[in-house]
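J.: I'd like to ask you about the structure that follows.
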Amino acid sequence: MQYTQIKKTDPQIYQIIKAEEKRQREGLELIPSENYTSDAVMEAMGSILTNKYSEGYPRKRYYGGQKNIDAMEELAQRRALDLFVPQGSQKNWHINVQPLSGSPANIAVLLALLNFGDKVMGMSLDQGGHLTHGHPVNFSGKAYKFFQYGVRRDNQQIDYNEVEKIAFKIKPKMIISGATAYPRMIDFKRFNAIAKKVGAIHMADIAHIAGLIAGGVHPSPFPFTDVVTTTTHKTLRGPRGGVIFCQKKYASAIDRAVFPGLQGGPHDHINAAKAVCFGEAQKAGFAKYAAQIVKNSKVFAKELKKLGFSLVSDGSDNHLILIDLSNFEITGKIAQETLDKVGITVNKNTVPFGKRSPFDPSGIRLGTAACTTRGMKENDFAMITDLIKNALSNICNEKKLIKIKQQVKKLALKFPVPGIK
Ligand code: DSN
């Protein structure tokens with residue numbers, strides 16, 4: 001993107017965009033929920049579709065002039081179904097592409113299918129779940145009676161026996177599977193079996209792993225769920241947004257919850273960009289990208305362990321790695337700030353059974369999706385591991401950190417960032 005108009009009309013914002021371009025180009029992005037969209041996705045986001053209001057759904061809108069918007073939204077729906085739902089079972093599934101992001105998508109499902117105060121199960125935030133999976137500070141935890149499950153102490157992987165035990169005891173109306181800080185594969189089939197045994201709705205939140213599922217390197221929740229929510233901007237590499245798939249019997253409740261329940265006019269420019277992203281994920285190169293994300297994570301995990309880092313669950317099956325820094329005697333906050341200084345972006349994160357607060361937890365969360373999009377491979381992740389270790393071993397040595405920053409920049413500049421010329 002050239003930003004020629006913003007440069008002329010709003011130099012202050014132009015300078016900020018250029019500074020952020022420099023940060024993205026010269027740094028290494030390791031936040032597992034971030035990625036780089038293609039030029040085509042950005043063009044759709046920056047298109048004139050932003051000028052339109054289109055409350056309602058295709059062919060049932062409250063405003064005129066919807067011919068093109070209807071065509072776009074139907075195409076987005078079609079492509080999302082083709083991407084995720086096996087041909088044979090598509091007739092049982094409905095999709096809503098309007099949620100503004102993952103949190104609104106999750107809240108819309110709760111609003112659609114539950115009554116306030118109903119019992120629900122979700123993974124607790126400090127063990128890897130999301131705020132909308134029942135955290136007390138979130139709407140989900142305030143409006144519904146959440147019971148939280150977590151991971152086993154011995155292997156730090158989801159404790160399916162605990163999930164089953166809680167489900168039998170409390171008989172929830174819904175069980176949510178899915179996570180935001182979980183490095184292992186999720187057994188959606190098992191979650192579904194537990195949900196069915198107790199008569200609960202199973203909702204799978206695949207926000208983090210949607211790209212891996214689309215690329216065939218993580219088992220799909222279809223057909224082992226009643227509802228699936230996702231964001232479109234993480235491993236899936238599209239615009240910031242959300243999507244809900246649901247079995248047809250829930251279609252009108254879900255649609256009504258999204259609009260008019262929670263949202264007004266959909267963001268048509270973003271929904272067009274979702275369609276572009278679904279189209280891109282159907283192309284041949286996408287499966288290769290998804291497979292490379294996992295290959296990179298495996299090597300990254302192995303190299304980190306070699307250098308003495310302790311990993312939650314001792315490894316990774318997906319795009320994400322969670323380091324428990326307790327044995328390094330630094331906190332997640334210090335590690336994040338130190339890595340920021342050298343141009344490596346990660347986020348501090350709680351680790352299961354950690355005793356520290358989320359503001360200064362014991363861990364950091366890393367991911368391989370963004371650097372994989374730039375074209376980095378296993379060898380590059382081995383180099384990134386050395387850079388991380390070096391930085392975290394020199395947190396008070398500013399001179400050394402400046403040197404490491406130069407090494408980070410040298411590595412980063414070998415790989416172009418989509419959208420930055
Ligand atoms: N903020 C997202 C993440 O980083 O995982 C979840 O919403």
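For the structure tokens, the naming scheme is as follows: chains receive sequential letters (A, B, ...) according to their order of presentation, residues are indexed from 1 within each chain, and ligands are indexed from 1 in presentation order.
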For Asn96 (chain A), find every residue with an atom within 10 Å (counting only C-alpha atoms), except residues of its own chain fewer than 2 positions away, and show them as a list of chain:residue names.

T.: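 Using only C-alpha atoms, the neighbours found are A:Tyr57, A:Glu73, A:Glu74, A:Ala76, A:Gln77, A:Ala80, A:His94, A:Gln98, A:Pro99, A:Ala105, A:Thr229, A:Gly242, A:Val243, A:Ile244, A:Phe245, A:Cys246, A:Ala251, A:Ile254, A:Asp255, A:Val258.
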
J.: What would the file look like if the residues just selected were written as a short mmCIF file (atom, residue, chain, number, x, y, z; two decimals), in the first residue's frame with all heavy atoms?

T.:
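The resulting file, again-v7.cif, is reproduced below:
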data_model
loop_
_atom_site.label_atom_id
_atom_site.label_comp_id
_atom_site.auth_asym_id
_atom_site.auth_seq_id
_atom_site.Cartn_x
_atom_site.Cartn_y
_atom_site.Cartn_z
N TYR A 57 -30.19 -9.64 6.30
CA TYR A 57 -29.42 -10.71 5.64
C TYR A 57 -29.75 -10.71 4.15
O TYR A 57 -30.73 -10.08 3.74
CB TYR A 57 -29.75 -12.05 6.32
CG TYR A 57 -29.22 -12.09 7.74
CD1 TYR A 57 -30.03 -11.79 8.83
CD2 TYR A 57 -27.86 -12.33 7.98
CE1 TYR A 57 -29.52 -11.76 10.12
CE2 TYR A 57 -27.34 -12.31 9.26
CZ TYR A 57 -28.18 -12.02 10.32
OH TYR A 57 -27.65 -11.98 11.59
N GLU A 73 -22.24 -11.13 0.14
CA GLU A 73 -22.43 -11.89 1.39
C GLU A 73 -22.72 -13.36 1.09
O GLU A 73 -22.24 -14.27 1.79
CB GLU A 73 -23.53 -11.25 2.25
CG GLU A 73 -23.58 -11.87 3.64
CD GLU A 73 -24.39 -11.07 4.66
OE1 GLU A 73 -24.54 -9.84 4.50
OE2 GLU A 73 -24.88 -11.70 5.61
N GLU A 74 -23.51 -13.60 0.02
CA GLU A 74 -23.79 -15.00 -0.34
C GLU A 74 -22.52 -15.73 -0.80
O GLU A 74 -22.33 -16.91 -0.51
CB GLU A 74 -24.88 -15.05 -1.41
CG GLU A 74 -26.24 -14.78 -0.79
CD GLU A 74 -27.41 -14.80 -1.77
OE1 GLU A 74 -27.19 -14.66 -3.00
OE2 GLU A 74 -28.55 -14.92 -1.30
N ALA A 76 -19.49 -15.00 0.27
CA ALA A 76 -18.71 -15.25 1.50
C ALA A 76 -19.25 -16.49 2.21
O ALA A 76 -18.48 -17.36 2.66
CB ALA A 76 -18.77 -14.03 2.41
N GLN A 77 -20.58 -16.59 2.29
CA GLN A 77 -21.19 -17.75 2.96
C GLN A 77 -20.82 -19.05 2.25
O GLN A 77 -20.42 -20.04 2.86
CB GLN A 77 -22.73 -17.60 2.98
CG GLN A 77 -23.22 -16.48 3.85
CD GLN A 77 -24.72 -16.21 3.67
OE1 GLN A 77 -25.30 -16.57 2.63
NE2 GLN A 77 -25.34 -15.58 4.64
N ALA A 80 -17.14 -20.01 2.70
CA ALA A 80 -16.83 -20.48 4.06
C ALA A 80 -17.33 -21.91 4.25
O ALA A 80 -16.64 -22.76 4.83
CB ALA A 80 -17.45 -19.55 5.09
N HIS A 94 -25.68 -24.03 8.61
CA HIS A 94 -25.99 -22.63 8.27
C HIS A 94 -24.77 -21.80 8.66
O HIS A 94 -24.03 -22.17 9.57
CB HIS A 94 -27.21 -22.19 9.08
CG HIS A 94 -27.49 -20.73 8.99
ND1 HIS A 94 -28.03 -20.15 7.87
CD2 HIS A 94 -27.29 -19.71 9.88
CE1 HIS A 94 -28.17 -18.84 8.07
NE2 HIS A 94 -27.72 -18.55 9.28
N GLN A 98 -21.50 -12.33 9.59
CA GLN A 98 -21.55 -10.92 10.01
C GLN A 98 -20.88 -10.59 11.34
O GLN A 98 -20.61 -9.41 11.60
CB GLN A 98 -23.00 -10.44 10.04
CG GLN A 98 -23.64 -10.38 8.66
CD GLN A 98 -24.98 -9.66 8.69
OE1 GLN A 98 -25.41 -9.12 9.71
NE2 GLN A 98 -25.66 -9.65 7.55
N PRO A 99 -20.59 -11.54 12.23
CA PRO A 99 -20.01 -11.13 13.52
C PRO A 99 -18.76 -10.27 13.34
O PRO A 99 -17.90 -10.57 12.50
CB PRO A 99 -19.68 -12.45 14.21
CG PRO A 99 -20.68 -13.41 13.65
CD PRO A 99 -20.82 -13.00 12.20
N ALA A 105 -19.00 -13.01 18.21
CA ALA A 105 -19.55 -14.27 17.68
C ALA A 105 -19.90 -15.20 18.83
O ALA A 105 -20.99 -15.79 18.88
CB ALA A 105 -18.53 -14.94 16.74
N THR A 229 -17.57 -21.41 16.12
CA THR A 229 -17.26 -19.99 15.91
C THR A 229 -15.78 -19.86 15.58
O THR A 229 -14.96 -20.69 15.97
CB THR A 229 -17.52 -19.14 17.17
OG1 THR A 229 -16.68 -19.61 18.23
CG2 THR A 229 -18.97 -19.21 17.60
N GLY A 242 -15.33 -12.17 12.53
CA GLY A 242 -15.79 -13.44 13.08
C GLY A 242 -16.81 -14.10 12.16
O GLY A 242 -17.34 -13.47 11.24
N VAL A 243 -17.07 -15.38 12.45
CA VAL A 243 -18.01 -16.17 11.66
C VAL A 243 -18.66 -17.18 12.62
O VAL A 243 -18.01 -17.63 13.55
CB VAL A 243 -17.25 -16.94 10.55
CG1 VAL A 243 -18.10 -18.03 9.96
CG2 VAL A 243 -16.79 -16.00 9.44
N ILE A 244 -19.92 -17.50 12.37
CA ILE A 244 -20.57 -18.58 13.14
C ILE A 244 -21.14 -19.60 12.17
O ILE A 244 -21.87 -19.24 11.24
CB ILE A 244 -21.74 -18.04 14.00
CG1 ILE A 244 -21.28 -16.93 14.95
CG2 ILE A 244 -22.39 -19.19 14.79
CD1 ILE A 244 -22.43 -16.21 15.65
N PHE A 245 -20.81 -20.87 12.37
CA PHE A 245 -21.46 -21.97 11.67
C PHE A 245 -22.39 -22.63 12.69
O PHE A 245 -21.98 -22.83 13.84
CB PHE A 245 -20.46 -23.04 11.24
CG PHE A 245 -19.38 -22.58 10.31
CD1 PHE A 245 -18.21 -22.01 10.80
CD2 PHE A 245 -19.52 -22.74 8.94
CE1 PHE A 245 -17.20 -21.60 9.94
CE2 PHE A 245 -18.50 -22.33 8.06
CZ PHE A 245 -17.35 -21.77 8.57
N CYS A 246 -23.58 -23.02 12.25
CA CYS A 246 -24.43 -23.75 13.19
C CYS A 246 -25.29 -24.75 12.43
O CYS A 246 -25.54 -24.58 11.23
CB CYS A 246 -25.32 -22.80 13.99
SG CYS A 246 -26.50 -21.90 13.00
N ALA A 251 -30.35 -21.97 13.08
CA ALA A 251 -30.05 -20.85 12.17
C ALA A 251 -30.78 -19.56 12.52
O ALA A 251 -30.16 -18.50 12.64
CB ALA A 251 -30.37 -21.26 10.72
N ILE A 254 -29.58 -17.98 15.80
CA ILE A 254 -28.23 -17.38 15.69
C ILE A 254 -28.31 -16.08 14.89
O ILE A 254 -27.76 -15.05 15.29
CB ILE A 254 -27.25 -18.38 14.99
CG1 ILE A 254 -27.01 -19.61 15.87
CG2 ILE A 254 -25.94 -17.68 14.59
CD1 ILE A 254 -26.05 -19.46 17.00
N ASP A 255 -29.01 -16.12 13.76
CA ASP A 255 -29.11 -14.89 12.94
C ASP A 255 -29.75 -13.75 13.73
O ASP A 255 -29.29 -12.61 13.68
CB ASP A 255 -29.91 -15.16 11.66
CG ASP A 255 -29.08 -15.90 10.61
OD1 ASP A 255 -27.87 -16.08 10.83
OD2 ASP A 255 -29.65 -16.28 9.57
N VAL A 258 -27.26 -12.26 16.24
CA VAL A 258 -26.23 -11.38 15.66
C VAL A 258 -26.86 -10.04 15.28
O VAL A 258 -26.40 -8.98 15.68
CB VAL A 258 -25.58 -12.05 14.42
CG1 VAL A 258 -24.63 -11.07 13.72
CG2 VAL A 258 -24.81 -13.30 14.83
#

J.: Can you pull out every residue with an atom within 12 Å of ligand 1? Use only C-alpha atoms and all ligand atoms and format it as a PyMOL selection string.

T.: chain A and resi 30-35+101-106+125+128-133+178-182+205-209+229-235+240-242+319-320+346-349+364-367

J.: Tell me, which residues of region 227-314 of chain A carry DSSP alpha helix (DSSP H), written as a VMD selection string?

T.: chain A and resid 251 to 256 268 to 281 284 to 306

J.: Would you mind listing what lies within 7 Å of Thr372 (chain A) as a list of chain:residue names, with only C-alpha atoms counted and same-chain residues fewer than 4 positions away left out?

T.: A:Gln292, A:Ile293, A:Thr368, A:Met376, A:Lys377

J.: Restricting it to N, CA and C atoms, dump the selection as a PDB file, in the first residue's frame.

T.:
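Listed below is the output, selection.pdb:
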ATOM      1  N   GLN A 292       3.499 -25.857   7.013  1.00  0.00           N
ATOM      2  CA  GLN A 292       4.776 -25.240   7.413  1.00  0.00           C
ATOM      3  C   GLN A 292       4.671 -24.591   8.795  1.00  0.00           C
ATOM      4  N   ILE A 293       3.496 -24.048   9.116  1.00  0.00           N
ATOM      5  CA  ILE A 293       3.298 -23.468  10.459  1.00  0.00           C
ATOM      6  C   ILE A 293       3.600 -24.526  11.513  1.00  0.00           C
ATOM      7  N   THR A 368       3.875 -19.278  15.396  1.00  0.00           N
ATOM      8  CA  THR A 368       4.689 -19.313  14.178  1.00  0.00           C
ATOM      9  C   THR A 368       3.952 -18.834  12.921  1.00  0.00           C
ATOM     10  N   MET A 376       9.331 -17.837   6.460  1.00  0.00           N
ATOM     11  CA  MET A 376      10.380 -18.445   7.299  1.00  0.00           C
ATOM     12  C   MET A 376      10.153 -19.946   7.467  1.00  0.00           C
ATOM     13  N   LYS A 377      11.290 -20.648   7.564  1.00  0.00           N
ATOM     14  CA  LYS A 377      11.243 -22.111   7.665  1.00  0.00           C
ATOM     15  C   LYS A 377      11.939 -22.551   8.958  1.00  0.00           C
TER      16      LYS A 377
END

J.: Set the distance at 10 Å and use only C-alpha atoms: which residues neighbour Ile186 (chain A) once local chain neighbours fewer than 6 positions away are removed? I'd like the list as a list in words.

T.: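 Listed by chain and then number, they are Gln157, Ile158, Ser177, Gly178, Ala179, Ala204, Ile206, Ile209, His218, Pro219, Ser220, Pro221, Asp317 and Asn318 of chain A.
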
J.: Go ahead and write the residues just picked, N, CA, C and O atoms, as a PDB file, in the first residue's frame.

T.:
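Writing the result to out-v9.pdb gives the following:
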ATOM      1  N   GLN A 157      -2.226 -31.156  29.491  1.00  0.00           N
ATOM      2  CA  GLN A 157      -3.136 -31.267  28.345  1.00  0.00           C
ATOM      3  C   GLN A 157      -4.572 -31.366  28.883  1.00  0.00           C
ATOM      4  O   GLN A 157      -4.770 -31.736  30.039  1.00  0.00           O
ATOM      5  N   ILE A 158      -5.532 -31.045  28.010  1.00  0.00           N
ATOM      6  CA  ILE A 158      -6.925 -30.965  28.481  1.00  0.00           C
ATOM      7  C   ILE A 158      -7.306 -32.236  29.231  1.00  0.00           C
ATOM      8  O   ILE A 158      -7.043 -33.354  28.769  1.00  0.00           O
ATOM      9  N   SER A 177     -15.801 -25.979  23.605  1.00  0.00           N
ATOM     10  CA  SER A 177     -14.426 -26.456  23.428  1.00  0.00           C
ATOM     11  C   SER A 177     -13.665 -25.369  22.676  1.00  0.00           C
ATOM     12  O   SER A 177     -14.269 -24.508  22.036  1.00  0.00           O
ATOM     13  N   GLY A 178     -12.336 -25.444  22.735  1.00  0.00           N
ATOM     14  CA  GLY A 178     -11.525 -24.430  22.050  1.00  0.00           C
ATOM     15  C   GLY A 178     -10.757 -23.598  23.064  1.00  0.00           C
ATOM     16  O   GLY A 178     -11.106 -23.582  24.241  1.00  0.00           O
ATOM     17  N   ALA A 179      -9.709 -22.942  22.582  1.00  0.00           N
ATOM     18  CA  ALA A 179      -8.789 -22.260  23.497  1.00  0.00           C
ATOM     19  C   ALA A 179      -8.057 -21.124  22.800  1.00  0.00           C
ATOM     20  O   ALA A 179      -8.116 -21.002  21.571  1.00  0.00           O
ATOM     21  N   ALA A 204     -17.801 -25.324  19.370  1.00  0.00           N
ATOM     22  CA  ALA A 204     -16.341 -25.326  19.230  1.00  0.00           C
ATOM     23  C   ALA A 204     -15.883 -23.947  18.788  1.00  0.00           C
ATOM     24  O   ALA A 204     -16.356 -23.422  17.779  1.00  0.00           O
ATOM     25  N   ILE A 206     -12.937 -22.230  17.230  1.00  0.00           N
ATOM     26  CA  ILE A 206     -11.698 -22.624  16.541  1.00  0.00           C
ATOM     27  C   ILE A 206     -10.864 -21.404  16.115  1.00  0.00           C
ATOM     28  O   ILE A 206     -10.048 -21.491  15.192  1.00  0.00           O
ATOM     29  N   ILE A 209      -7.109 -21.903  15.570  1.00  0.00           N
ATOM     30  CA  ILE A 209      -6.628 -22.989  14.699  1.00  0.00           C
ATOM     31  C   ILE A 209      -7.389 -23.085  13.381  1.00  0.00           C
ATOM     32  O   ILE A 209      -7.181 -24.042  12.621  1.00  0.00           O
ATOM     33  N   HIS A 218      -5.002 -29.899  11.339  1.00  0.00           N
ATOM     34  CA  HIS A 218      -5.615 -30.115  12.667  1.00  0.00           C
ATOM     35  C   HIS A 218      -6.975 -30.749  12.396  1.00  0.00           C
ATOM     36  O   HIS A 218      -7.679 -30.308  11.484  1.00  0.00           O
ATOM     37  N   PRO A 219      -7.358 -31.775  13.193  1.00  0.00           N
ATOM     38  CA  PRO A 219      -8.684 -32.385  12.955  1.00  0.00           C
ATOM     39  C   PRO A 219      -9.797 -31.346  13.018  1.00  0.00           C
ATOM     40  O   PRO A 219      -9.755 -30.425  13.827  1.00  0.00           O
ATOM     41  N   SER A 220     -10.761 -31.511  12.138  1.00  0.00           N
ATOM     42  CA  SER A 220     -11.864 -30.551  12.043  1.00  0.00           C
ATOM     43  C   SER A 220     -12.939 -30.853  13.085  1.00  0.00           C
ATOM     44  O   SER A 220     -13.185 -32.011  13.408  1.00  0.00           O
ATOM     45  N   PRO A 221     -13.599 -29.818  13.596  1.00  0.00           N
ATOM     46  CA  PRO A 221     -14.729 -30.079  14.501  1.00  0.00           C
ATOM     47  C   PRO A 221     -15.978 -30.555  13.756  1.00  0.00           C
ATOM     48  O   PRO A 221     -16.911 -31.051  14.369  1.00  0.00           O
ATOM     49  N   ASP A 317       1.647 -29.003  19.002  1.00  0.00           N
ATOM     50  CA  ASP A 317       1.076 -29.698  17.825  1.00  0.00           C
ATOM     51  C   ASP A 317       0.518 -28.704  16.829  1.00  0.00           C
ATOM     52  O   ASP A 317       0.007 -29.093  15.780  1.00  0.00           O
ATOM     53  N   ASN A 318       0.498 -27.416  17.217  1.00  0.00           N
ATOM     54  CA  ASN A 318      -0.195 -26.459  16.346  1.00  0.00           C
ATOM     55  C   ASN A 318       0.720 -25.271  16.024  1.00  0.00           C
ATOM     56  O   ASN A 318       1.885 -25.481  15.746  1.00  0.00           O
TER      57      ASN A 318
END

J.: DSSP on the backbone: what in region 280-369 of chain A comes out strand (DSSP E or B), as a PDB file with N, CA, C and O atoms, in the first residue's frame?

T.:
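Generated output (out-v3.pdb):
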ATOM      1  N   SER A 310      11.345 -24.245  29.512  1.00  0.00           N
ATOM      2  CA  SER A 310      10.336 -25.233  29.885  1.00  0.00           C
ATOM      3  C   SER A 310       9.018 -24.881  29.183  1.00  0.00           C
ATOM      4  O   SER A 310       8.539 -23.747  29.280  1.00  0.00           O
ATOM      5  N   LEU A 311       8.478 -25.826  28.430  1.00  0.00           N
ATOM      6  CA  LEU A 311       7.270 -25.542  27.653  1.00  0.00           C
ATOM      7  C   LEU A 311       6.047 -26.187  28.287  1.00  0.00           C
ATOM      8  O   LEU A 311       6.101 -27.341  28.721  1.00  0.00           O
ATOM      9  N   LEU A 320       1.252 -22.740  18.188  1.00  0.00           N
ATOM     10  CA  LEU A 320       1.419 -21.983  19.435  1.00  0.00           C
ATOM     11  C   LEU A 320       2.331 -22.702  20.435  1.00  0.00           C
ATOM     12  O   LEU A 320       2.277 -23.930  20.555  1.00  0.00           O
ATOM     13  N   ILE A 321       3.118 -21.895  21.117  1.00  0.00           N
ATOM     14  CA  ILE A 321       4.023 -22.422  22.151  1.00  0.00           C
ATOM     15  C   ILE A 321       3.870 -21.543  23.385  1.00  0.00           C
ATOM     16  O   ILE A 321       3.791 -20.317  23.273  1.00  0.00           O
ATOM     17  N   LEU A 322       3.806 -22.191  24.536  1.00  0.00           N
ATOM     18  CA  LEU A 322       3.690 -21.448  25.787  1.00  0.00           C
ATOM     19  C   LEU A 322       4.918 -21.777  26.628  1.00  0.00           C
ATOM     20  O   LEU A 322       5.138 -22.939  26.987  1.00  0.00           O
ATOM     21  N   ILE A 323       5.738 -20.752  26.894  1.00  0.00           N
ATOM     22  CA  ILE A 323       6.949 -20.981  27.701  1.00  0.00           C
ATOM     23  C   ILE A 323       6.653 -20.616  29.151  1.00  0.00           C
ATOM     24  O   ILE A 323       6.116 -19.539  29.429  1.00  0.00           O
ATOM     25  N   ASP A 324       6.992 -21.523  30.051  1.00  0.00           N
ATOM     26  CA  ASP A 324       6.928 -21.236  31.485  1.00  0.00           C
ATOM     27  C   ASP A 324       8.323 -20.784  31.904  1.00  0.00           C
ATOM     28  O   ASP A 324       9.274 -21.562  31.862  1.00  0.00           O
ATOM     29  N   ILE A 344      11.455  -8.406  18.844  1.00  0.00           N
ATOM     30  CA  ILE A 344      10.714  -9.690  18.807  1.00  0.00           C
ATOM     31  C   ILE A 344       9.440  -9.487  19.617  1.00  0.00           C
ATOM     32  O   ILE A 344       9.489  -9.158  20.806  1.00  0.00           O
ATOM     33  N   THR A 345       8.288  -9.676  18.959  1.00  0.00           N
ATOM     34  CA  THR A 345       7.031  -9.387  19.647  1.00  0.00           C
ATOM     35  C   THR A 345       6.353 -10.677  20.098  1.00  0.00           C
ATOM     36  O   THR A 345       6.034 -11.546  19.281  1.00  0.00           O
ATOM     37  N   ASN A 347       3.613 -12.191  23.613  1.00  0.00           N
ATOM     38  CA  ASN A 347       2.798 -11.640  24.694  1.00  0.00           C
ATOM     39  C   ASN A 347       2.940 -12.460  25.968  1.00  0.00           C
ATOM     40  O   ASN A 347       3.059 -13.669  25.935  1.00  0.00           O
ATOM     41  N   LYS A 348       2.973 -11.693  27.064  1.00  0.00           N
ATOM     42  CA  LYS A 348       3.036 -12.340  28.372  1.00  0.00           C
ATOM     43  C   LYS A 348       1.739 -13.121  28.575  1.00  0.00           C
ATOM     44  O   LYS A 348       0.685 -12.715  28.095  1.00  0.00           O
ATOM     45  N   ASN A 349       1.824 -14.233  29.256  1.00  0.00           N
ATOM     46  CA  ASN A 349       0.649 -15.100  29.388  1.00  0.00           C
ATOM     47  C   ASN A 349       0.729 -15.908  30.677  1.00  0.00           C
ATOM     48  O   ASN A 349       1.818 -16.305  31.079  1.00  0.00           O
ATOM     49  N   GLY A 363       4.580 -16.686  32.228  1.00  0.00           N
ATOM     50  CA  GLY A 363       4.886 -17.234  30.906  1.00  0.00           C
ATOM     51  C   GLY A 363       4.845 -16.227  29.776  1.00  0.00           C
ATOM     52  O   GLY A 363       4.453 -15.064  29.942  1.00  0.00           O
ATOM     53  N   ILE A 364       5.289 -16.682  28.625  1.00  0.00           N
ATOM     54  CA  ILE A 364       5.067 -15.933  27.382  1.00  0.00           C
ATOM     55  C   ILE A 364       4.480 -16.893  26.340  1.00  0.00           C
ATOM     56  O   ILE A 364       4.767 -18.096  26.350  1.00  0.00           O
ATOM     57  N   ARG A 365       3.670 -16.308  25.450  1.00  0.00           N
ATOM     58  CA  ARG A 365       2.996 -17.092  24.412  1.00  0.00           C
ATOM     59  C   ARG A 365       3.596 -16.705  23.069  1.00  0.00           C
ATOM     60  O   ARG A 365       3.745 -15.529  22.759  1.00  0.00           O
ATOM     61  N   LEU A 366       3.973 -17.704  22.298  1.00  0.00           N
ATOM     62  CA  LEU A 366       4.589 -17.453  20.991  1.00  0.00           C
ATOM     63  C   LEU A 366       3.849 -18.254  19.917  1.00  0.00           C
ATOM     64  O   LEU A 366       3.270 -19.304  20.217  1.00  0.00           O
ATOM     65  N   GLY A 367       3.966 -17.773  18.681  1.00  0.00           N
ATOM     66  CA  GLY A 367       3.328 -18.512  17.594  1.00  0.00           C
ATOM     67  C   GLY A 367       4.116 -18.361  16.305  1.00  0.00           C
ATOM     68  O   GLY A 367       4.902 -17.419  16.151  1.00  0.00           O
TER      69      GLY A 367
END

J.: Between A:Ala412, A:Val97, A:Ala40, A:Leu83, which one has atoms that come closest to Asp268 (chain A), using only C-alpha atoms?

T.: A:Val97

J.: Which polymer residues have any atom within 6 Å of an atom of region 164-173 of chain A, counting only C-alpha atoms, with same-chain residues fewer than 3 positions away left out, as JSON, numbers by chain?

T.: {"A": [119, 120, 161, 194, 198, 200]}

J.: Quick one: of A:Ile95, A:Val163, A:Ala287, A:Val299, who's nearest to Glu378 (chain A), counting only C-alpha atoms?

T.: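 Between A:Ile95, A:Val163, A:Ala287, A:Val299, the residue approaching Glu378 (chain A) most closely is A:Val299.
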
J.: Using only C-alpha atoms, which of A:Gly88, A:Gly141, A:Gly332, A:Pro418 sits nearest Leu110 (chain A)?

T.: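 Smallest separation from Leu110 (chain A) among the options: A:Gly141.
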
J.: For Lys145 (chain A), find every residue with an atom within 9 Å (counting only C-alpha atoms), except residues of its own chain fewer than 3 positions away, and show them as a VMD selection string.

T.: chain A and resid 116 to 121 134 140 to 142

J.: Write out the residues from the selection above, keeping C-alpha atoms, as a short mmCIF file (atom, residue, chain, number, x, y, z; two decimals), in the first residue's frame.

T.:
data_model
loop_
_atom_site.label_atom_id
_atom_site.label_comp_id
_atom_site.auth_asym_id
_atom_site.auth_seq_id
_atom_site.Cartn_x
_atom_site.Cartn_y
_atom_site.Cartn_z
CA PHE A 116 -29.44 -15.96 31.26
CA GLY A 117 -28.27 -18.01 34.23
CA ASP A 118 -28.06 -21.31 32.32
CA LYS A 119 -25.19 -23.65 33.14
CA VAL A 120 -22.31 -23.71 30.65
CA MET A 121 -18.84 -25.25 30.63
CA GLY A 134 -16.93 -17.80 31.11
CA SER A 140 -20.26 -14.58 29.45
CA GLY A 141 -19.25 -15.09 33.10
CA LYS A 142 -21.68 -12.44 34.33
#

J.: Which residues are near Tyr289 (chain A)? Cut-off 10 Å, only C-alpha atoms, ignore same chain within fewer than 4 positions. Put them as a PyMOL selection string.

T.: chain A and resi 211-212+215+235+281+284-285+293-295+369+372-373+375

J.: Mind writing the picked residues with N, CA, C and O atoms as a short mmCIF file (atom, residue, chain, number, x, y, z; two decimals), in the first residue's frame?

T.:
data_model
loop_
_atom_site.label_atom_id
_atom_site.label_comp_id
_atom_site.auth_asym_id
_atom_site.auth_seq_id
_atom_site.Cartn_x
_atom_site.Cartn_y
_atom_site.Cartn_z
N GLY A 211 -7.08 -21.72 10.52
CA GLY A 211 -6.21 -21.88 9.34
C GLY A 211 -5.62 -23.28 9.28
O GLY A 211 -5.42 -23.83 8.19
N LEU A 212 -5.35 -23.84 10.44
CA LEU A 212 -4.77 -25.20 10.47
C LEU A 212 -5.83 -26.22 10.06
O LEU A 212 -5.54 -27.20 9.36
N GLY A 215 -6.37 -25.90 6.40
CA GLY A 215 -5.21 -26.45 5.70
C GLY A 215 -5.01 -27.93 5.93
O GLY A 215 -4.02 -28.51 5.44
N THR A 235 -4.66 -17.70 12.32
CA THR A 235 -3.99 -18.57 11.34
C THR A 235 -4.70 -18.54 9.98
O THR A 235 -4.10 -18.86 8.96
N ALA A 281 -7.83 -19.36 1.01
CA ALA A 281 -7.56 -20.59 1.78
C ALA A 281 -7.97 -21.84 1.01
O ALA A 281 -7.59 -22.96 1.39
N ALA A 284 -4.29 -23.90 -3.64
CA ALA A 284 -3.34 -24.97 -3.34
C ALA A 284 -2.29 -24.59 -2.30
O ALA A 284 -1.98 -25.36 -1.40
N GLY A 285 -1.74 -23.38 -2.38
CA GLY A 285 -0.64 -23.00 -1.49
C GLY A 285 -1.01 -22.96 -0.01
O GLY A 285 -0.14 -22.99 0.85
N ILE A 293 3.50 -24.05 9.12
CA ILE A 293 3.30 -23.47 10.46
C ILE A 293 3.60 -24.53 11.51
O ILE A 293 4.33 -24.29 12.49
N VAL A 294 3.03 -25.72 11.31
CA VAL A 294 3.20 -26.79 12.31
C VAL A 294 4.65 -27.28 12.32
O VAL A 294 5.24 -27.49 13.39
N LYS A 295 5.25 -27.44 11.13
CA LYS A 295 6.66 -27.87 11.08
C LYS A 295 7.52 -26.86 11.84
O LYS A 295 8.42 -27.23 12.59
N ALA A 369 2.66 -18.50 13.04
CA ALA A 369 1.88 -18.23 11.83
C ALA A 369 2.40 -17.03 11.03
O ALA A 369 2.59 -17.11 9.81
N THR A 372 5.71 -17.53 9.39
CA THR A 372 5.56 -18.52 8.31
C THR A 372 4.99 -17.83 7.06
O THR A 372 5.42 -18.11 5.94
N THR A 373 4.04 -16.93 7.26
CA THR A 373 3.50 -16.18 6.12
C THR A 373 4.61 -15.40 5.40
O THR A 373 4.61 -15.29 4.18
N GLY A 375 7.49 -16.41 5.03
CA GLY A 375 8.32 -17.38 4.30
C GLY A 375 9.39 -18.04 5.15
O GLY A 375 10.26 -18.75 4.62
#
